[in-house]
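Structure file final-v1.txt (compact mmCIF, C-alpha atoms (C1' of nucleotides)) follows.
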# COMPACT_ATOMS: atom_id res chain seq x y z
CA MET A 1 227.01 -47.39 311.72
CA THR A 2 230.00 -45.12 312.01
CA ALA A 3 230.18 -41.57 310.72
CA THR A 4 227.51 -41.78 308.08
CA GLN A 5 225.28 -44.78 307.79
CA GLU A 6 225.25 -46.89 304.67
CA LEU A 7 221.63 -46.95 303.68
CA THR A 8 219.72 -49.42 301.58
CA LYS A 9 217.68 -48.29 298.61
CA ASN A 10 214.40 -48.00 300.49
CA GLN A 11 216.02 -46.35 303.45
CA SER A 12 217.65 -43.75 301.18
CA LEU A 13 214.40 -43.03 299.40
CA VAL A 14 212.55 -42.51 302.67
CA PHE A 15 215.32 -40.44 304.17
CA ASP A 16 215.59 -38.26 301.08
CA ALA A 17 211.86 -37.65 301.13
CA LEU A 18 212.14 -36.41 304.71
CA ALA A 19 215.26 -34.37 304.00
CA ARG A 20 213.57 -32.69 301.04
CA ALA A 21 210.46 -31.84 303.01
CA ASP A 22 210.26 -28.53 304.82
CA GLY A 23 208.39 -30.11 307.72
CA PRO A 24 207.27 -33.39 309.21
CA LEU A 25 205.67 -36.05 307.00
CA SER A 26 203.36 -38.89 307.88
CA ALA A 27 204.28 -42.41 306.84
CA TYR A 28 201.46 -42.46 304.33
CA THR A 29 202.48 -39.14 302.82
CA ILE A 30 205.94 -40.59 302.31
CA LEU A 31 204.37 -43.67 300.75
CA ASP A 32 202.46 -41.52 298.26
CA GLN A 33 205.59 -39.58 297.36
CA LEU A 34 207.44 -42.80 296.66
CA ARG A 35 204.83 -44.58 294.53
CA ASN A 36 206.82 -43.70 291.43
CA ASP A 37 209.89 -45.24 292.98
CA GLY A 38 208.17 -48.57 293.33
CA PHE A 39 206.68 -48.29 296.80
CA ARG A 40 203.38 -50.09 297.10
CA ALA A 41 202.77 -50.85 300.78
CA PRO A 42 202.98 -49.05 304.14
CA LEU A 43 205.39 -51.60 305.49
CA GLN A 44 208.06 -50.56 303.06
CA VAL A 45 207.94 -47.12 304.62
CA TYR A 46 207.64 -48.24 308.23
CA ARG A 47 210.56 -50.63 307.93
CA ALA A 48 212.78 -47.91 306.55
CA LEU A 49 211.60 -45.46 309.20
CA ASP A 50 212.43 -47.94 311.96
CA LYS A 51 215.98 -48.27 310.75
CA LEU A 52 216.43 -44.54 310.30
CA LEU A 53 215.16 -44.03 313.85
CA ASP A 54 217.67 -46.63 315.05
CA TYR A 55 220.46 -44.78 313.28
CA GLY A 56 219.34 -41.49 314.82
CA MET A 57 218.90 -39.90 311.42
CA ILE A 58 215.26 -39.03 311.88
CA HIS A 59 212.84 -38.36 314.73
CA ARG A 60 209.31 -39.40 315.34
CA LEU A 61 206.91 -36.72 316.57
CA GLU A 62 204.54 -38.66 318.79
CA SER A 63 201.99 -35.91 319.17
CA ILE A 64 201.32 -35.65 315.44
CA ASN A 65 202.22 -39.14 314.20
CA ALA A 66 204.82 -37.82 311.83
CA PHE A 67 208.53 -37.98 311.11
CA VAL A 68 211.26 -35.40 310.47
CA ALA A 69 214.84 -35.57 309.36
CA CYS A 70 217.15 -34.79 312.24
CA ALA A 71 218.09 -31.12 312.18
CA HIS A 72 221.47 -31.48 313.88
CA PRO A 73 222.93 -34.70 312.57
CA HIS A 74 226.41 -34.16 314.04
CA THR A 75 225.57 -32.49 317.31
CA HIS A 76 223.84 -35.19 319.24
CA SER A 77 225.16 -38.28 317.59
CA HIS A 78 227.40 -38.40 320.65
CA GLY A 79 225.36 -37.92 323.74
CA HIS A 80 222.19 -38.89 325.49
CA GLY A 81 220.88 -35.36 325.71
CA MET A 82 217.15 -35.31 325.26
CA ILE A 83 215.80 -33.44 322.30
CA ALA A 84 212.81 -31.16 322.53
CA PHE A 85 210.64 -30.22 319.59
CA ALA A 86 208.59 -27.09 319.12
CA ILE A 87 205.86 -27.78 316.59
CA CYS A 88 203.95 -24.92 315.00
CA GLU A 89 200.30 -25.81 314.56
CA LYS A 90 199.85 -23.17 311.87
CA CYS A 91 202.69 -23.82 309.44
CA GLY A 92 203.92 -27.20 310.62
CA GLN A 93 207.50 -26.09 311.07
CA VAL A 94 209.47 -27.95 313.71
CA SER A 95 212.35 -26.53 315.74
CA GLU A 96 214.65 -28.87 317.53
CA PHE A 97 216.68 -28.03 320.60
CA SER A 98 218.27 -29.72 323.54
CA ASP A 99 218.81 -28.44 327.03
CA ASP A 100 221.23 -29.95 329.52
CA ILE A 101 219.29 -28.66 332.48
CA ILE A 102 216.10 -30.32 331.36
CA THR A 103 218.02 -33.48 330.61
CA GLY A 104 219.55 -33.30 334.09
CA ARG A 105 216.24 -32.72 335.86
CA VAL A 106 214.66 -35.66 334.10
CA ARG A 107 217.61 -37.85 334.97
CA GLU A 108 217.37 -36.75 338.59
CA TRP A 109 213.76 -37.84 338.72
CA THR A 110 214.41 -41.18 337.07
CA ASN A 111 217.44 -41.89 339.26
CA SER A 112 215.67 -41.11 342.49
CA ASN A 113 212.70 -43.21 341.43
CA GLY A 114 214.62 -46.18 340.14
CA PHE A 115 213.18 -45.68 336.67
CA LYS A 116 215.33 -46.84 333.75
CA GLN A 117 214.50 -44.53 330.90
CA SER A 118 214.89 -45.71 327.36
CA LYS A 119 213.36 -42.90 325.34
CA THR A 120 212.05 -39.50 326.28
CA THR A 121 209.69 -37.33 324.29
CA ILE A 122 209.40 -33.58 324.74
CA GLU A 123 207.05 -31.86 322.34
CA ILE A 124 205.84 -28.29 322.59
CA ARG A 125 202.75 -27.51 320.56
CA GLY A 126 201.92 -23.93 319.73
CA VAL A 127 202.42 -21.15 317.22
CA CYS A 128 205.83 -20.10 315.97
CA ALA A 129 207.14 -16.53 315.80
CA ASN A 130 206.41 -16.15 312.09
CA CYS A 131 202.83 -17.32 312.32
CA GLY A 132 202.17 -15.47 315.57
CA THR A 133 203.00 -12.05 314.15
CA ALA A 134 201.20 -12.58 310.85
CA MET B 1 183.85 -25.54 335.85
CA THR B 2 184.72 -24.52 339.38
CA ALA B 3 185.86 -26.89 342.08
CA THR B 4 184.48 -30.09 340.71
CA GLN B 5 183.02 -30.33 337.26
CA GLU B 6 179.44 -31.37 336.72
CA LEU B 7 179.70 -34.26 334.31
CA THR B 8 177.16 -35.64 331.90
CA LYS B 9 176.26 -39.30 331.95
CA ASN B 10 178.73 -40.35 329.25
CA GLN B 11 181.48 -38.21 330.69
CA SER B 12 180.98 -39.78 334.11
CA LEU B 13 181.05 -43.28 332.71
CA VAL B 14 184.27 -42.65 330.82
CA PHE B 15 185.90 -40.88 333.74
CA ASP B 16 184.94 -43.66 336.15
CA ALA B 17 186.38 -46.25 333.82
CA LEU B 18 189.70 -44.39 333.84
CA ALA B 19 189.59 -43.80 337.59
CA ARG B 20 188.95 -47.49 338.24
CA ALA B 21 191.78 -48.60 335.98
CA ASP B 22 195.24 -49.09 337.45
CA GLY B 23 196.87 -47.73 334.32
CA PRO B 24 196.23 -46.00 331.02
CA LEU B 25 193.41 -47.20 328.78
CA SER B 26 192.95 -46.81 325.05
CA ALA B 27 189.72 -45.29 323.76
CA TYR B 28 188.65 -48.64 322.34
CA THR B 29 189.33 -50.44 325.61
CA ILE B 30 187.08 -47.93 327.33
CA LEU B 31 184.46 -48.50 324.66
CA ASP B 32 184.53 -52.24 325.29
CA GLN B 33 184.20 -51.71 329.03
CA LEU B 34 181.16 -49.52 328.53
CA ARG B 35 179.22 -51.70 326.07
CA ASN B 36 176.96 -52.80 328.91
CA ASP B 37 176.26 -49.18 329.74
CA GLY B 38 174.91 -48.55 326.28
CA PHE B 39 178.04 -47.40 324.46
CA ARG B 40 178.06 -48.50 320.84
CA ALA B 41 180.44 -46.23 318.92
CA PRO B 42 183.97 -44.80 319.31
CA LEU B 43 182.68 -41.27 319.05
CA GLN B 44 180.81 -41.59 322.32
CA VAL B 45 184.13 -42.25 324.00
CA TYR B 46 186.14 -39.66 322.11
CA ARG B 47 183.62 -36.93 322.79
CA ALA B 48 183.68 -37.61 326.51
CA LEU B 49 187.48 -37.82 326.50
CA ASP B 50 187.70 -34.42 324.79
CA LYS B 51 185.62 -32.79 327.48
CA LEU B 52 187.49 -34.48 330.30
CA LEU B 53 190.75 -33.28 328.76
CA ASP B 54 189.30 -29.76 328.62
CA TYR B 55 188.39 -29.96 332.28
CA GLY B 56 191.88 -31.19 333.15
CA MET B 57 190.53 -34.33 334.75
CA ILE B 58 192.43 -36.73 332.53
CA HIS B 59 195.59 -36.75 330.45
CA ARG B 60 196.38 -38.11 327.05
CA LEU B 61 199.60 -40.07 326.67
CA GLU B 62 200.66 -39.29 323.13
CA SER B 63 203.35 -41.90 322.89
CA ILE B 64 201.00 -44.79 323.57
CA ASN B 65 197.65 -43.45 322.36
CA ALA B 66 196.04 -43.88 325.73
CA PHE B 67 194.40 -41.91 328.52
CA VAL B 68 194.79 -41.77 332.30
CA ALA B 69 192.86 -40.15 335.10
CA CYS B 70 194.80 -37.24 336.51
CA ALA B 71 196.79 -38.36 339.54
CA HIS B 72 196.88 -35.00 341.31
CA PRO B 73 193.50 -33.42 340.68
CA HIS B 74 193.93 -30.57 343.14
CA THR B 75 197.61 -29.82 342.75
CA HIS B 76 197.80 -28.41 339.28
CA SER B 77 194.34 -27.12 338.77
CA HIS B 78 195.96 -23.78 339.49
CA GLY B 79 199.04 -23.37 337.44
CA HIS B 80 200.53 -23.86 334.03
CA GLY B 81 203.26 -26.16 335.26
CA MET B 82 203.99 -28.83 332.73
CA ILE B 83 203.37 -32.38 333.71
CA ALA B 84 205.79 -35.15 332.90
CA PHE B 85 204.83 -38.79 332.68
CA ALA B 86 207.04 -41.80 333.31
CA ILE B 87 205.52 -44.79 331.55
CA CYS B 88 206.68 -48.31 332.39
CA GLU B 89 206.82 -50.45 329.27
CA LYS B 90 206.63 -53.66 331.34
CA CYS B 91 203.66 -53.10 333.64
CA GLY B 92 202.07 -50.05 332.08
CA GLN B 93 202.09 -48.02 335.29
CA VAL B 94 202.31 -44.28 334.84
CA SER B 95 203.88 -41.83 337.29
CA GLU B 96 203.06 -38.20 337.01
CA PHE B 97 205.26 -35.37 338.20
CA SER B 98 205.91 -31.75 337.50
CA ASP B 99 209.11 -29.80 337.79
CA ASP B 100 209.31 -26.03 337.95
CA ILE B 101 212.83 -25.96 336.58
CA ILE B 102 211.85 -27.91 333.48
CA THR B 103 208.80 -25.73 333.10
CA GLY B 104 211.02 -22.67 333.40
CA ARG B 105 213.59 -23.87 330.88
CA VAL B 106 210.90 -24.63 328.34
CA ARG B 107 209.35 -21.23 328.89
CA GLU B 108 212.74 -19.62 328.44
CA TRP B 109 213.15 -21.26 325.08
CA THR B 110 209.67 -20.39 323.89
CA ASN B 111 209.99 -16.78 325.08
CA SER B 112 213.32 -16.20 323.42
CA ASN B 113 212.07 -17.77 320.21
CA GLY B 114 208.72 -16.02 320.08
CA PHE B 115 206.90 -19.33 320.26
CA LYS B 116 203.46 -19.30 321.87
CA GLN B 117 203.07 -22.69 323.47
CA SER B 118 199.64 -24.14 323.96
CA LYS B 119 200.34 -27.66 325.14
CA THR B 120 203.52 -29.45 326.08
CA THR B 121 204.08 -33.17 326.26
CA ILE B 122 206.84 -34.79 328.31
CA GLU B 123 206.82 -38.57 328.31
CA ILE B 124 209.57 -40.79 329.62
CA ARG B 125 209.45 -44.35 328.40
CA GLY B 126 211.30 -47.05 330.28
CA VAL B 127 211.09 -49.59 333.07
CA CYS B 128 209.88 -48.72 336.55
CA ALA B 129 211.62 -49.64 339.80
CA ASN B 130 209.38 -52.61 340.50
CA CYS B 131 209.78 -54.16 337.08
CA GLY B 132 213.50 -53.38 336.90
CA THR B 133 214.38 -55.34 340.05
CA ALA B 134 212.08 -58.27 339.30
C1' DT C 1 228.90 -73.13 297.42
C1' DG C 2 226.08 -73.31 301.16
C1' DA C 3 224.04 -71.14 304.81
C1' DC C 4 222.55 -67.47 307.63
C1' DA C 5 221.19 -62.65 308.34
C1' DA C 6 219.16 -58.66 306.52
C1' DA C 7 216.19 -56.52 303.36
C1' DT C 8 212.18 -56.59 300.38
C1' DG C 9 207.33 -57.46 298.30
C1' DT C 10 202.46 -58.05 299.09
C1' DA C 11 197.91 -58.81 301.05
C1' DA C 12 195.28 -58.68 304.84
C1' DT C 13 194.06 -56.97 309.13
C1' DA C 14 194.27 -54.39 313.44
C1' DA C 15 194.23 -50.13 316.01
C1' DC C 16 193.22 -45.33 316.37
C1' DA C 17 190.31 -41.31 315.12
C1' DT C 18 186.94 -38.36 312.61
C1' DC C 19 183.00 -37.00 309.46
C1' DA C 20 178.28 -36.43 308.45
C1' DC C 21 173.83 -36.37 309.74
C1' DA C 22 169.86 -37.13 312.70
C1' DT C 23 167.88 -36.59 317.31
C1' DA C 24 167.43 -35.25 322.06
C1' DT C 25 168.02 -32.40 326.21
C1' DC C 26 168.24 -28.29 328.76
C1' DG C 27 168.44 -23.42 329.94
C1' DA C 28 167.57 -18.67 328.96
C1' DA C 29 165.12 -14.97 326.50
C1' DA C 30 160.83 -13.33 324.31
C1' DT D 1 155.14 -21.07 328.19
C1' DT D 2 156.89 -21.15 323.88
C1' DT D 3 160.77 -20.70 321.07
C1' DC D 4 165.42 -20.60 320.24
C1' DG D 5 170.19 -21.76 320.66
C1' DA D 6 173.82 -24.34 322.78
C1' DT D 7 175.23 -28.67 324.28
C1' DA D 8 174.98 -33.52 324.35
C1' DT D 9 173.85 -37.91 322.20
C1' DG D 10 173.15 -41.97 318.73
C1' DT D 11 174.73 -44.28 314.67
C1' DG D 12 176.90 -45.63 310.34
C1' DA D 13 180.41 -44.85 307.35
C1' DT D 14 184.86 -43.50 306.46
C1' DG D 15 189.60 -41.89 307.07
C1' DT D 16 194.20 -42.48 309.07
C1' DT D 17 197.98 -44.91 311.26
C1' DA D 18 200.43 -49.25 312.16
C1' DT D 19 201.25 -54.31 312.36
C1' DT D 20 200.90 -59.38 311.24
C1' DA D 21 201.91 -63.09 308.36
C1' DC D 22 204.14 -65.17 304.85
C1' DA D 23 206.88 -65.55 300.62
C1' DT D 24 211.01 -64.08 298.18
C1' DT D 25 215.38 -61.85 297.32
C1' DT D 26 219.88 -60.10 298.33
C1' DG D 27 224.20 -59.75 300.62
C1' DT D 28 227.93 -61.66 303.54
C1' DC D 29 231.03 -64.75 304.89
C1' DA D 30 232.93 -69.22 306.36
What would the structure in this file look like if it were written as structure tokens?
Amino acid sequence: MTATQELTKNQSLVFDALARADGPLSAYTILDQLRNDGFRAPLQVYRALDKLLDYGMIHRLESINAFVACAHPHTHSHGHGMIAFAICEKCGQVSEFSDDIITGRVREWTNSNGFKQSKTTIEIRGVCANCGTA
Amino acid sequence: MTATQELTKNQSLVFDALARADGPLSAYTILDQLRNDGFRAPLQVYRALDKLLDYGMIHRLESINAFVACAHPHTHSHGHGMIAFAICEKCGQVSEFSDDIITGRVREWTNSNGFKQSKTTIEIRGVCANCGTA
DNA sequence: TGACAAATGTAATAACATCACATATCGAAA
DNA sequence: TTTCGATATGTGATGTTATTACATTTGTCA
């Protein structure tokens, strides 16, 4: 994995499905979308998702059991900045941002408590600006 | 709901199970523990969990589909400070903390983006001090 | 070419959560 | 005190999400 990742057929299909979508998709929704491409079983989706997560090309939203294509593919390929997600419960849109101060505060806590963090989830549930005014 | 919440029988049973436990429990683990108390179906557990979440007496850990009794029952009954959880993937122990700066940064983002947040999840996965040195 | 690693196909099963409907319990208003 | 509504409960079926197990194929490279 260097600049762009060479993807296998299944990985490409799954990634494209997520990239096409205007919001997060569940694994089973992806499966249904890919039936015509030969997908028959959940594992085909989950295996591709695992790799895409490894490569940092997609994110998993823990609070809604769904997956999104990464919004800023270049930006945070470099660093260990944590990514926060704001998830609209009306329209499903997800906004992605990262904040060095939050990242720093979390790291301060983990350092002073001897906790080795591997992955950190920050998910804000609520209603986005569009849906709030409507 | 004032100082302490008056709980129904099922709610008490579920809460006690979580309070007894030394770590997070899944809904189905709770169900199994309460078979002798007359529990027969998942819904009995989920309904109690929903109420206890309402009352702020327990938390749901989204990243592991499990529930814990609130560690600081008095502390954050007051405010809207977000709570972060550090979850050890070796021993399952969960540490709970809140940080005003993180809370503030999140609120800054939501305010400047017109996002009305309802619930925010911060979960740090990793290895705790005890398990890391062992 | 032979051999190993990675990817794939498929069925079955496990784990997590909700729906639909019937019944019971309790408090407040008529 | 009766009646009504809100809340809680019991139970079976079903829906949704994720993994296990095992067989097969494909790609890489010595």
Quick one: contact table of chain D to chain A, 12 Å max, nearest atom pair and distance in Å to one decimal per residue, counting all atoms listed in the file, chain and number order, as JSON lines?
{"residue": "D:DT16", "atom": "C1'", "partner": "A:Tyr28", "partner_atom": "CA", "distance": 8.7}
{"residue": "D:DT17", "atom": "C1'", "partner": "A:Asn65", "partner_atom": "CA", "distance": 7.7}
{"residue": "D:DA18", "atom": "C1'", "partner": "A:Tyr46", "partner_atom": "CA", "distance": 8.3}
{"residue": "D:DT19", "atom": "C1'", "partner": "A:Leu43", "partner_atom": "CA", "distance": 8.5}
{"residue": "D:DT20", "atom": "C1'", "partner": "A:Leu43", "partner_atom": "CA", "distance": 10.7}
{"residue": "D:DT26", "atom": "C1'", "partner": "A:Thr8", "partner_atom": "CA", "distance": 11.2}
{"residue": "D:DG27", "atom": "C1'", "partner": "A:Thr8", "partner_atom": "CA", "distance": 11.3}
Matching every Cα in sequence order between the two identical chains, what are the coordinates of chain B once fitted onto chain A? Write them as an mmCIF file with C-alpha atoms, in the coordinates of the input.
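Heads up, here's the output in selection-v4.cif:
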data_model
loop_
_atom_site.group_PDB
_atom_site.id
_atom_site.type_symbol
_atom_site.label_atom_id
_atom_site.label_comp_id
_atom_site.auth_asym_id
_atom_site.auth_seq_id
_atom_site.Cartn_x
_atom_site.Cartn_y
_atom_site.Cartn_z
ATOM 1 C CA MET B 1 227.075 -47.405 311.798
ATOM 2 C CA THR B 2 230.041 -45.092 312.138
ATOM 3 C CA ALA B 3 230.200 -41.589 310.757
ATOM 4 C CA THR B 4 227.579 -41.858 308.097
ATOM 5 C CA GLN B 5 225.325 -44.845 307.797
ATOM 6 C CA GLU B 6 225.274 -46.951 304.675
ATOM 7 C CA LEU B 7 221.635 -46.995 303.682
ATOM 8 C CA THR B 8 219.722 -49.479 301.600
ATOM 9 C CA LYS B 9 217.711 -48.340 298.622
ATOM 10 C CA ASN B 10 214.402 -48.024 300.479
ATOM 11 C CA GLN B 11 216.029 -46.370 303.451
ATOM 12 C CA SER B 12 217.669 -43.802 301.188
ATOM 13 C CA LEU B 13 214.435 -43.046 299.403
ATOM 14 C CA VAL B 14 212.561 -42.516 302.651
ATOM 15 C CA PHE B 15 215.343 -40.457 304.180
ATOM 16 C CA ASP B 16 215.617 -38.263 301.086
ATOM 17 C CA ALA B 17 211.897 -37.655 301.122
ATOM 18 C CA LEU B 18 212.157 -36.415 304.711
ATOM 19 C CA ALA B 19 215.284 -34.380 304.006
ATOM 20 C CA ARG B 20 213.619 -32.684 301.040
ATOM 21 C CA ALA B 21 210.492 -31.838 303.004
ATOM 22 C CA ASP B 22 210.292 -28.520 304.827
ATOM 23 C CA GLY B 23 208.417 -30.103 307.705
ATOM 24 C CA PRO B 24 207.281 -33.381 309.206
ATOM 25 C CA LEU B 25 205.682 -36.015 306.988
ATOM 26 C CA SER B 26 203.343 -38.841 307.890
ATOM 27 C CA ALA B 27 204.256 -42.371 306.836
ATOM 28 C CA TYR B 28 201.418 -42.410 304.321
ATOM 29 C CA THR B 29 202.477 -39.094 302.812
ATOM 30 C CA ILE B 30 205.928 -40.558 302.298
ATOM 31 C CA LEU B 31 204.357 -43.626 300.737
ATOM 32 C CA ASP B 32 202.448 -41.477 298.262
ATOM 33 C CA GLN B 33 205.592 -39.558 297.362
ATOM 34 C CA LEU B 34 207.448 -42.775 296.659
ATOM 35 C CA ARG B 35 204.830 -44.550 294.524
ATOM 36 C CA ASN B 36 206.832 -43.664 291.427
ATOM 37 C CA ASP B 37 209.903 -45.229 292.979
ATOM 38 C CA GLY B 38 208.157 -48.550 293.312
ATOM 39 C CA PHE B 39 206.686 -48.270 296.803
ATOM 40 C CA ARG B 40 203.357 -50.046 297.086
ATOM 41 C CA ALA B 41 202.725 -50.809 300.763
ATOM 42 C CA PRO B 42 202.925 -49.007 304.135
ATOM 43 C CA LEU B 43 205.310 -51.590 305.489
ATOM 44 C CA GLN B 44 208.007 -50.544 303.055
ATOM 45 C CA VAL B 45 207.892 -47.103 304.613
ATOM 46 C CA TYR B 46 207.585 -48.224 308.215
ATOM 47 C CA ARG B 47 210.493 -50.616 307.918
ATOM 48 C CA ALA B 48 212.754 -47.914 306.544
ATOM 49 C CA LEU B 49 211.560 -45.448 309.185
ATOM 50 C CA ASP B 50 212.389 -47.944 311.944
ATOM 51 C CA LYS B 51 215.946 -48.286 310.741
ATOM 52 C CA LEU B 52 216.417 -44.561 310.289
ATOM 53 C CA LEU B 53 215.144 -44.044 313.832
ATOM 54 C CA ASP B 54 217.655 -46.646 315.032
ATOM 55 C CA TYR B 55 220.444 -44.808 313.270
ATOM 56 C CA GLY B 56 219.335 -41.513 314.808
ATOM 57 C CA MET B 57 218.902 -39.912 311.418
ATOM 58 C CA ILE B 58 215.254 -39.033 311.880
ATOM 59 C CA HIS B 59 212.850 -38.364 314.724
ATOM 60 C CA ARG B 60 209.305 -39.401 315.346
ATOM 61 C CA LEU B 61 206.904 -36.733 316.559
ATOM 62 C CA GLU B 62 204.524 -38.667 318.765
ATOM 63 C CA SER B 63 201.964 -35.945 319.144
ATOM 64 C CA ILE B 64 201.298 -35.665 315.427
ATOM 65 C CA ASN B 65 202.190 -39.138 314.151
ATOM 66 C CA ALA B 66 204.818 -37.816 311.810
ATOM 67 C CA PHE B 67 208.539 -37.975 311.115
ATOM 68 C CA VAL B 68 211.267 -35.402 310.484
ATOM 69 C CA ALA B 69 214.856 -35.577 309.354
ATOM 70 C CA CYS B 70 217.169 -34.799 312.229
ATOM 71 C CA ALA B 71 218.117 -31.126 312.168
ATOM 72 C CA HIS B 72 221.488 -31.483 313.883
ATOM 73 C CA PRO B 73 222.961 -34.716 312.582
ATOM 74 C CA HIS B 74 226.419 -34.191 314.039
ATOM 75 C CA THR B 75 225.584 -32.479 317.299
ATOM 76 C CA HIS B 76 223.892 -35.200 319.249
ATOM 77 C CA SER B 77 225.293 -38.276 317.675
ATOM 78 C CA HIS B 78 227.463 -38.331 320.771
ATOM 79 C CA GLY B 79 225.373 -37.890 323.820
ATOM 80 C CA HIS B 80 222.172 -38.892 325.504
ATOM 81 C CA GLY B 81 220.864 -35.357 325.717
ATOM 82 C CA MET B 82 217.146 -35.283 325.238
ATOM 83 C CA ILE B 83 215.803 -33.430 322.287
ATOM 84 C CA ALA B 84 212.802 -31.165 322.520
ATOM 85 C CA PHE B 85 210.624 -30.243 319.583
ATOM 86 C CA ALA B 86 208.579 -27.088 319.129
ATOM 87 C CA ILE B 87 205.845 -27.788 316.602
ATOM 88 C CA CYS B 88 203.924 -24.924 315.005
ATOM 89 C CA GLU B 89 200.273 -25.835 314.587
ATOM 90 C CA LYS B 90 199.816 -23.178 311.874
ATOM 91 C CA CYS B 91 202.665 -23.836 309.450
ATOM 92 C CA GLY B 92 203.887 -27.210 310.629
ATOM 93 C CA GLN B 93 207.490 -26.092 311.071
ATOM 94 C CA VAL B 94 209.449 -27.946 313.709
ATOM 95 C CA SER B 95 212.333 -26.532 315.748
ATOM 96 C CA GLU B 96 214.635 -28.879 317.514
ATOM 97 C CA PHE B 97 216.666 -28.042 320.586
ATOM 98 C CA SER B 98 218.248 -29.730 323.529
ATOM 99 C CA ASP B 99 218.794 -28.436 327.015
ATOM 100 C CA ASP B 100 221.221 -29.930 329.496
ATOM 101 C CA ILE B 101 219.291 -28.628 332.471
ATOM 102 C CA ILE B 102 216.085 -30.313 331.350
ATOM 103 C CA THR B 103 218.024 -33.455 330.602
ATOM 104 C CA GLY B 104 219.546 -33.274 334.071
ATOM 105 C CA ARG B 105 216.247 -32.714 335.858
ATOM 106 C CA VAL B 106 214.670 -35.657 334.092
ATOM 107 C CA ARG B 107 217.635 -37.830 334.960
ATOM 108 C CA GLU B 108 217.376 -36.730 338.566
ATOM 109 C CA TRP B 109 213.789 -37.851 338.724
ATOM 110 C CA THR B 110 214.437 -41.178 337.051
ATOM 111 C CA ASN B 111 217.479 -41.872 339.245
ATOM 112 C CA SER B 112 215.711 -41.105 342.480
ATOM 113 C CA ASN B 113 212.739 -43.202 341.431
ATOM 114 C CA GLY B 114 214.673 -46.178 340.127
ATOM 115 C CA PHE B 115 213.232 -45.691 336.664
ATOM 116 C CA LYS B 116 215.378 -46.837 333.747
ATOM 117 C CA GLN B 117 214.522 -44.521 330.900
ATOM 118 C CA SER B 118 214.921 -45.694 327.354
ATOM 119 C CA LYS B 119 213.375 -42.903 325.331
ATOM 120 C CA THR B 120 212.051 -39.503 326.271
ATOM 121 C CA THR B 121 209.692 -37.341 324.286
ATOM 122 C CA ILE B 122 209.399 -33.578 324.732
ATOM 123 C CA GLU B 123 207.032 -31.865 322.334
ATOM 124 C CA ILE B 124 205.827 -28.303 322.591
ATOM 125 C CA ARG B 125 202.738 -27.525 320.583
ATOM 126 C CA GLY B 126 201.897 -23.946 319.729
ATOM 127 C CA VAL B 127 202.390 -21.152 317.233
ATOM 128 C CA CYS B 128 205.803 -20.103 315.975
ATOM 129 C CA ALA B 129 207.105 -16.538 315.800
ATOM 130 C CA ASN B 130 206.372 -16.140 312.107
ATOM 131 C CA CYS B 131 202.801 -17.347 312.330
ATOM 132 C CA GLY B 132 202.126 -15.491 315.583
ATOM 133 C CA THR B 133 202.942 -12.052 314.151
ATOM 134 C CA ALA B 134 201.197 -12.628 310.826
#
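CA of Ile58 (chain A) is found 20.7 Å from C1' of DA6 (chain C).
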Using only C-alpha atoms (C1' of nucleotides) - which residues lie no farther than 12 Å from the point (221.4, -70.2, 302.4) in the file's frame? Write them as a list of chain:residue names.
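Residues lying no farther than 12 Å from the given point: C:DT1, C:DG2, C:DA3, C:DC4, C:DA5, D:DT25, D:DT26, D:DG27, D:DT28, D:DC29.
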Give me, as a PyMOL selection string, all polymer residues having an atom no more than 8 Å from Cys88 (chain B), counting only C-alpha atoms (C1' of nucleotides) and skipping those fewer than 4 positions away in the same chain.
chain B and resi 92-94+125-128
Counting all atoms listed in the file, which residue out of B:Ala84, B:Ala19, B:Ala134, B:Val45 sits closest to chain C?
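Ranked by minimum distance to chain C, first place goes to B:Val45.
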Using all atoms listed in the file, determine which residues of chain C fall within 9 Å of chain B; present them as a list in words.
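Going by the stated atoms only, the list reads DA15, DC16, DA17 and DT18 of chain C.
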Quick one: pull the distance between CA of Arg20 (chain B) and CA of Asp37 (chain B), Å, one decimal.
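It comes out at 15.4 Å.
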Pull out every residue of chain B sitting within 6 Å of chain A, counting all atoms listed in the file, and send them as an MDAnalysis selection string.
chainID B and resid 62:63 102 114:129
Distance in Å - C1' of DA11 (chain C) versus CA of Gln11 (chain A):
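Separation of C1' of DA11 (chain C) and CA of Gln11 (chain A): 22.1 Å.
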May I have the residues within 7 Å of Cys70 (chain A) as a PyMOL selection string, using only C-alpha atoms (C1' of nucleotides) and disregarding those fewer than 3 positions away in the same chain?
chain A and resi 57-59+73
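Point (212.9, -55.1, 302.8) has the following residues at most 7 Å away: A:Gln44, C:DA7, C:DT8 (atoms considered: only C-alpha atoms (C1' of nucleotides)).
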Spatial neighbours of DT9 (chain D), 9 Å, all atoms listed in the file, chain gap at least 6 places, as number ranges by chain
B: 10, 44; C: 23-25
Would you write out those residues with C-alpha atoms (C1' of nucleotides), as a short mmCIF file (atom, residue, chain, number, x, y, z; two decimals), keeping the file's coordinate frame?
data_model
loop_
_atom_site.label_atom_id
_atom_site.label_comp_id
_atom_site.auth_asym_id
_atom_site.auth_seq_id
_atom_site.Cartn_x
_atom_site.Cartn_y
_atom_site.Cartn_z
CA ASN B 10 178.73 -40.35 329.25
CA GLN B 44 180.81 -41.59 322.32
"C1'" DT C 23 167.88 -36.59 317.31
"C1'" DA C 24 167.43 -35.25 322.06
"C1'" DT C 25 168.02 -32.40 326.21
#
Build an axis-aligned box that encloses every atom of region 109-117 of chain A listed in the file, pad it by 5 Å on each side, and report its centre and edge lengths in Å to one decimal, as JSON.
{"center_x": 215.1, "center_y": -42.3, "center_z": 336.7, "size_x": 14.7, "size_y": 19.0, "size_z": 21.6}
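Residues with any atom within 12 Å of DA6 (chain D), counting only C-alpha atoms (C1' of nucleotides) and excluding same-chain neighbours fewer than 4 positions away, are DT25, DC26, DG27 and DA28 of chain C.
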